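Everything on this sheet refers to the single structure shown next.
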Amino acid sequence: MPADPALRPAAEAAAAPALEMRGIGKRFPGVIALEDVDLVLAPGKVHALMGENGAGKSTLIKIMAGVYGKDAGSIRIGGRETELRTPRDALAQGLKVVFQEIALIGEFTVAENIFLEQYPVGRAGSIDWKRIRGEAAALFARIGFDVDPAAKTGDLPISQQQMVEIARALAHEARIVVMDEPTSSLTPSEVALLFAVIRRLTALGIAVVYVSHKLDEVFEIADEVTVLRDGRHISTKPIGAHDHDSLIHDMIGRRIENLFPRSRGHHKGEVVLSVSNLSTDAKLKDVAFEARAGEVLGFFGLMGAGRTELAKAIVGFDPIRTGTIAIGGRPLKPHDTRTGVSLGIGLLSEDRKGEGLMLELPVQQNMSLAALENFSRAGFVEEGRERSAVQSFVDRFRVKTPSLAQPIKNLSGGNQQKVLIARWLMRGLKVIVVDEPTRGIDVGAKSEIFALLDRLAGEGLAVVMMTSEMPELLGLSDRILVMAGGRITAGFERDAATQEKILNAAIG
Amino acid sequence: MPQSVSSLAAAPAGPSLLRRLARRNEIALLLSLLAVIAFFALASDTFLTTRNLTNVLGQAALPLVAGIGVAIVFISGEVDVSIGSLVAAIAIPLITIMNATESFALGVAGALALGLAVGVVNGYLAAYLGINSLIVTLGTLFILRGGVYLYTGQRAIPDDVMLESFFQLGNGRLFGVVPHPAVIAVILLIAFAYFLRHRPFGRQLYAVGGNPEVARLAGYNVRRVKFVAFVISALLATIAGILLASRLGSAVHVAGLGFEFQVVAAVVLGGVSLSGGVGSLAGMALGVLILQFVSNGLGMLNIATEWQLVITGGIIIAAVAFDELKRRRA
């Protein structure tokens, strides 16, 4: 459903839009990230951009930032048709995106970071440091932001660095400011300050795009809201036309709930993983749960909820502050991955390239990595035994590879994932933790991975699955735990879970 | 009107000026340098003489000049080790052109042309093709040295015309006291320190080395910045090579052997980070001077060069380890 101009008040319709994106399309290999998406921003208004993970919000704002090129559609800024090919184009057009990852140079002073894109220069082209310090201080005073412009940026907490980024947008006289999940690392009082700053921006006639999945914040700050789902434009309405339920409804739509029928019944074995009062310095707060042999335990959470942090903590990869983790009744002590693996817990990382694969090495070495002891005698790996074990998994999981000597980077994402799952099975596990098991995997291969995980549970493993994808969660899990802000906020038996309940718990 | 929220107001607004000064790497280096000088002044009668001190400055001039370029490449997040062979290679066009034309200026132009070409090749391969810069410059280090051996037939090419201006460049002394190379090094240091601090391109070097993704988002041409860093480094090595050729009075095929690691050691000792974005020319210069005074002082105390190497290696590891521990505690 395209935006209906009639829904907007007449006065606004008369003013030229600050930004008008029409029919935007973007494809990545194998995926349509955006299709025919419209976004129209009025000057001086806050426009919320909402959608589930993977709805296309990030792609859209990266197009606005000039990071990605668009494949289709048109962009008008202040009524003039334009192209945003590079980040510099976007800045030159007065469009500033504040990304979630802080884009500041840690070694520079706060003041210098503000003017990173365009140093003010005096006569003879030298940098005017006095003006940089003066203008930065004046800017901070104007937005009520109390930080020393001469402080080293890397020494500041993330929340303050975020404010520096916003101040930077102002220094460049941006007419359009896009904020990507700006409150994900802020405390409530810092959020209040951020909102005060946003109101100052709009009072100056600046159009603000507010990307968030926090409903309360959106209702407080936004004037209009556009919802994306699966790369498509779903609705654009004044915030007053929405209530909590209608917004969630637009975000999740009506989907067929069970895309992945399971092959096994509800047979559950004994508890093989038990976690109690687990906290970490980084994120997790008092997390407790149990997982049983033969079940798929699904963890759902939105961006920043703490899923990946939990996955890394329970396998011994990341340090913990308090709490106990027991695998098969034995505590994970000392808290490291060596102990974890020997007790029988392994992680299939969400970052397949960074933390899973050795890209240049062949399939065989990638698969046998964790199980070399099984094929060793007197400290030497017997390659014949290694090869036959790898071959048997390749056959069993139907890994499509020309040979075991093929560098794994040449395999498709789905086949790479199968190799990584086999890596753990070869070692022999009680609990496999899978984090976003189908990220970057095309639709056909996804169902194969699901079938594989389902079979593992059927064979008596506990599968702990971290996911941000609702269909995956509902299709595969026997039990569902929902996380928000580093805590578990709700738990559902599979039959009692609905998308609405889960999303409500995830929004926290 | 928005209010400063207390949690923000209460957050540390950066350390005081004094604390910031104390944390500066350059201060620690300066104190170390003074300690080294004090130690040798007490240990040797001949160390603290104008003659010796100015000699050390003259010797330090070459690594100082080349060190500016190496530090700039490091700051941009890359590495350049090709300079050891480059200082030898550029002497060939310099001397042969001077011998043929009797013109100092034409010889220098020839040397700069070769230096520029090497910088462009290094920069293109490393910055634009994205080949690891250690590999690229190690490759050019070997190629240039091999080329020098091939061209010279492993013999020095003497300077036949003996131009006074060329001789004075490396051997003369300002007011009869300060060696000309030291004067040139100081001028270049000041100019480039100003450039790094006060010209937008200088800051881009730090930004690109500090976080290339941020720099790209800020609209910088990351590759071009790195490319220029390699060209600057090659041109400064060329200047060092011209000074060296003047001192030697010929194009010597073994000149500058190991020079690249002498310079890299001093640059690292001076607090310029191998991972980019961190360091200053003042630190680099102090690093060069510390190593130069240590080697000179040990020589004065008649300590064998073998031991000088061992001690120098120990100093470098100790300094970087100290720095790492300090960083971890901070």
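Quick note on naming: the chains in the structure tokens go A, B, ... in the order shown, residues restart at 1 in each chain, and ligands are numbered from 1 in order of appearance.
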- Interface list for chain A, partner chain B, 8 Å threshold, only C-alpha atoms, as a ChimeraX atom specification: /A:67,86-88,103-107,116-117,119,125-129,143-148,150-152,155-156,160,189-190,193,196-197
- For Leu57 in chain B, work out the shell of residues within 12 Å, counting only C-alpha atoms and skipping chain neighbours fewer than 3 positions away, then give it as a ChimeraX atom specification. /B:50-54,60-65,173,177-186,285-286,288-293,296
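The closest residue to Lys446 in chain A, picked from A:Lys418, A:Arg387, A:Arg427, A:Arg168 and counting only C-alpha atoms, is A:Lys418.
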Looking only at helix (DSSP H, G or I) from DSSP on the backbone, list the matching residues of range 84-202 of chain B as a compact mmCIF listing (two decimals) with C-alpha atoms, in the first residue's frame.
# COMPACT_ATOMS: atom_id res chain seq x y z
CA GLY B 84 66.99 0.92 2.41
CA SER B 85 67.55 0.02 -1.22
CA LEU B 86 66.02 3.24 -2.50
CA VAL B 87 68.69 5.38 -0.82
CA ALA B 88 71.31 3.36 -2.73
CA ALA B 89 69.38 3.26 -6.01
CA ALA B 91 72.54 7.65 -6.12
CA ILE B 92 72.95 6.03 -9.54
CA PRO B 93 70.98 8.58 -11.61
CA LEU B 94 72.28 11.31 -9.31
CA ILE B 95 75.97 10.53 -9.84
CA THR B 96 75.80 9.40 -13.48
CA ILE B 97 73.78 12.45 -14.54
CA MET B 98 76.12 14.78 -12.66
CA ASN B 99 79.10 13.08 -14.25
CA ALA B 100 77.55 13.47 -17.69
CA THR B 101 76.14 17.01 -17.41
CA PHE B 104 73.86 19.33 -9.66
CA ALA B 105 70.25 20.29 -10.37
CA LEU B 106 69.86 17.78 -13.19
CA GLY B 107 71.35 15.04 -11.01
CA VAL B 108 68.91 15.82 -8.22
CA ALA B 109 66.04 15.88 -10.74
CA GLY B 110 67.07 12.41 -11.94
CA ALA B 111 67.20 11.10 -8.38
CA LEU B 112 63.78 12.56 -7.56
CA ALA B 113 62.33 11.07 -10.75
CA LEU B 114 63.46 7.59 -9.70
CA GLY B 115 62.19 8.15 -6.15
CA LEU B 116 58.85 9.35 -7.47
CA ALA B 117 58.56 6.28 -9.71
CA VAL B 118 59.25 3.91 -6.80
CA GLY B 119 56.71 5.73 -4.62
CA VAL B 120 54.09 5.53 -7.34
CA VAL B 121 54.68 1.80 -7.82
CA ASN B 122 54.59 1.07 -4.08
CA GLY B 123 51.50 3.22 -3.64
CA TYR B 124 49.66 1.80 -6.62
CA LEU B 125 50.28 -1.81 -5.65
CA ALA B 126 49.54 -1.32 -1.97
CA ALA B 127 46.77 1.29 -1.98
CA TYR B 128 44.94 0.66 -5.25
CA SER B 133 52.23 -3.21 1.87
CA LEU B 134 54.87 -5.19 3.78
CA ILE B 135 55.03 -7.64 0.87
CA VAL B 136 55.00 -4.89 -1.77
CA THR B 137 57.78 -2.84 -0.21
CA LEU B 138 59.80 -5.92 0.72
CA GLY B 139 59.57 -6.79 -2.97
CA THR B 140 60.73 -3.38 -4.12
CA LEU B 141 63.49 -3.51 -1.48
CA PHE B 142 64.89 -6.67 -3.14
CA ILE B 143 64.27 -5.52 -6.70
CA LEU B 144 66.01 -2.17 -6.19
CA ARG B 145 68.98 -3.75 -4.44
CA GLY B 146 69.28 -6.31 -7.21
CA GLY B 147 69.02 -3.54 -9.80
CA VAL B 148 71.77 -1.57 -8.06
CA TYR B 149 74.07 -4.62 -8.05
CA LEU B 150 73.33 -5.34 -11.71
CA TYR B 151 73.88 -1.76 -12.84
CA THR B 152 77.03 -1.09 -10.84
CA GLU B 164 81.34 22.05 -4.61
CA SER B 165 77.59 22.47 -4.06
CA PHE B 166 77.10 18.70 -3.99
CA PHE B 167 80.00 18.19 -1.59
CA GLN B 168 78.76 20.93 0.75
CA LEU B 169 75.25 19.46 0.91
CA GLY B 170 76.34 16.45 2.90
CA ASN B 171 79.62 17.55 4.42
CA HIS B 180 74.04 20.65 6.76
CA PRO B 181 72.12 17.34 6.79
CA ALA B 182 71.00 18.09 10.35
CA VAL B 183 69.78 21.53 9.28
CA ILE B 184 67.86 19.99 6.38
CA ALA B 185 66.39 17.34 8.66
CA VAL B 186 65.17 19.92 11.17
CA ILE B 187 63.60 22.06 8.44
CA LEU B 188 61.81 19.03 6.97
CA LEU B 189 60.68 17.88 10.42
CA ILE B 190 59.15 21.25 11.22
CA ALA B 191 57.52 21.52 7.82
CA PHE B 192 56.00 18.03 7.95
CA ALA B 193 54.96 18.33 11.60
CA TYR B 194 53.09 21.48 10.59
CA PHE B 195 51.65 19.66 7.58
CA LEU B 196 50.39 16.74 9.68
CA ARG B 197 48.83 18.95 12.30
CA HIS B 198 47.55 21.91 10.34
CA PRO B 200 43.52 18.85 6.13
CA PHE B 201 45.49 16.22 4.23
CA GLY B 202 47.67 15.64 7.28
At a cut-off of 12 Å, using only C-alpha atoms, what residues contact Glu173 in chain A? Leave out same-chain residues fewer than 4 positions from it and give the result as a CSV table (one decimal) with C-alpha atoms, in the first residue's frame.
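selection26.csv, written as the output of this step:
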chain,number,residue,atom,x,y,z
A,91,LEU,CA,26.8,15.1,3.0
A,92,ALA,CA,27.0,17.7,0.3
A,93,GLN,CA,23.2,17.5,-0.1
A,94,GLY,CA,22.7,18.1,3.6
A,95,LEU,CA,21.9,14.5,4.5
A,96,LYS,CA,23.6,13.0,7.5
A,114,ILE,CA,32.9,17.2,14.6
A,115,PHE,CA,34.7,18.7,11.7
A,118,GLN,CA,35.3,19.4,6.2
A,139,LEU,CA,27.6,23.9,19.3
A,166,ILE,CA,24.6,14.2,16.3
A,167,ALA,CA,26.4,17.4,17.0
A,168,ARG,CA,28.5,16.6,13.9
A,169,ALA,CA,25.4,16.5,11.8
A,177,VAL,CA,19.3,13.7,9.9
A,201,LEU,CA,16.6,19.9,15.3
A,204,LEU,CA,15.3,24.4,13.1
A,205,GLY,CA,13.3,22.8,10.3
A,206,ILE,CA,15.5,19.8,10.0
A,207,ALA,CA,13.8,16.5,8.9
- Please provide the set of residues having any atom within 8 Å of Pro437 in chain A, restricted to only C-alpha atoms, with same-chain residues fewer than 6 positions apart removed, written as a count of residues only. 8
- Task: Please identify all polymer residues within 10 Å of Asp230 in chain A, counting only C-alpha atoms, omitting same-chain residues fewer than 2 positions from it, and present them as a list in words.
- Result: Ile32, Ala33, Leu34, Glu35, Gly51, Glu52, Asn53, Gly54, Ala55, Gly56, Lys57, Leu228, Arg232, His233, Ile234, Met251 and Ile252 of chain A
- Message: Ranking A:Val271, A:Val381, A:Phe300, A:Thr401 by minimum distance to Ala490 in chain A and counting only C-alpha atoms, which one comes first?
- Response: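 The shortest atom-to-atom distance to Ala490 in chain A comes from A:Phe300.
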- Query: CA of Val363 in chain A to CA of Val419 in chain A: how many Å, to one decimal?
  - Reply: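 The value is 7.3 Å.
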- Residues of range 275-355 of chain A in strand (DSSP E or B), written as an MDAnalysis selection string: chainID A and resid 275:279 287:292 296:301 322:327 330:331 345:348
- Item | Long-range neighbours of Leu481 in chain A as a PyMOL selection string, 7 Å cut-off, only C-alpha atoms, 5 positions minimum in chain | chain A and resi 298-300+488+490-492
Output for the residues just chosen: C-alpha atoms as a compact mmCIF listing (two decimals), in the first residue's frame:
# COMPACT_ATOMS: atom_id res chain seq x y z
CA GLY A 298 14.61 -20.90 20.50
CA PHE A 299 15.79 -17.52 21.75
CA PHE A 300 14.23 -14.49 20.12
CA ILE A 488 14.87 -13.04 29.48
CA ALA A 490 9.15 -14.14 28.55
CA GLY A 491 8.95 -17.85 27.90
CA PHE A 492 6.40 -19.77 25.85
- Message: Please compute the CA of Ala422 in chain A-CA of Ile480 in chain A distance, one decimal, in Å.
- Response: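 Taking CA of Ala422 in chain A as the start and CA of Ile480 in chain A as the end point, the length is 24.9 Å.
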- Message: Applying 12 Å and only C-alpha atoms, which residues near range 78-84 of chain A remain after dropping the ones on its own chain fewer than 5 positions away? List them as number ranges by chain.
- Response: A: 15-22, 40-43, 61-73, 89-96, 175-176, 206-207
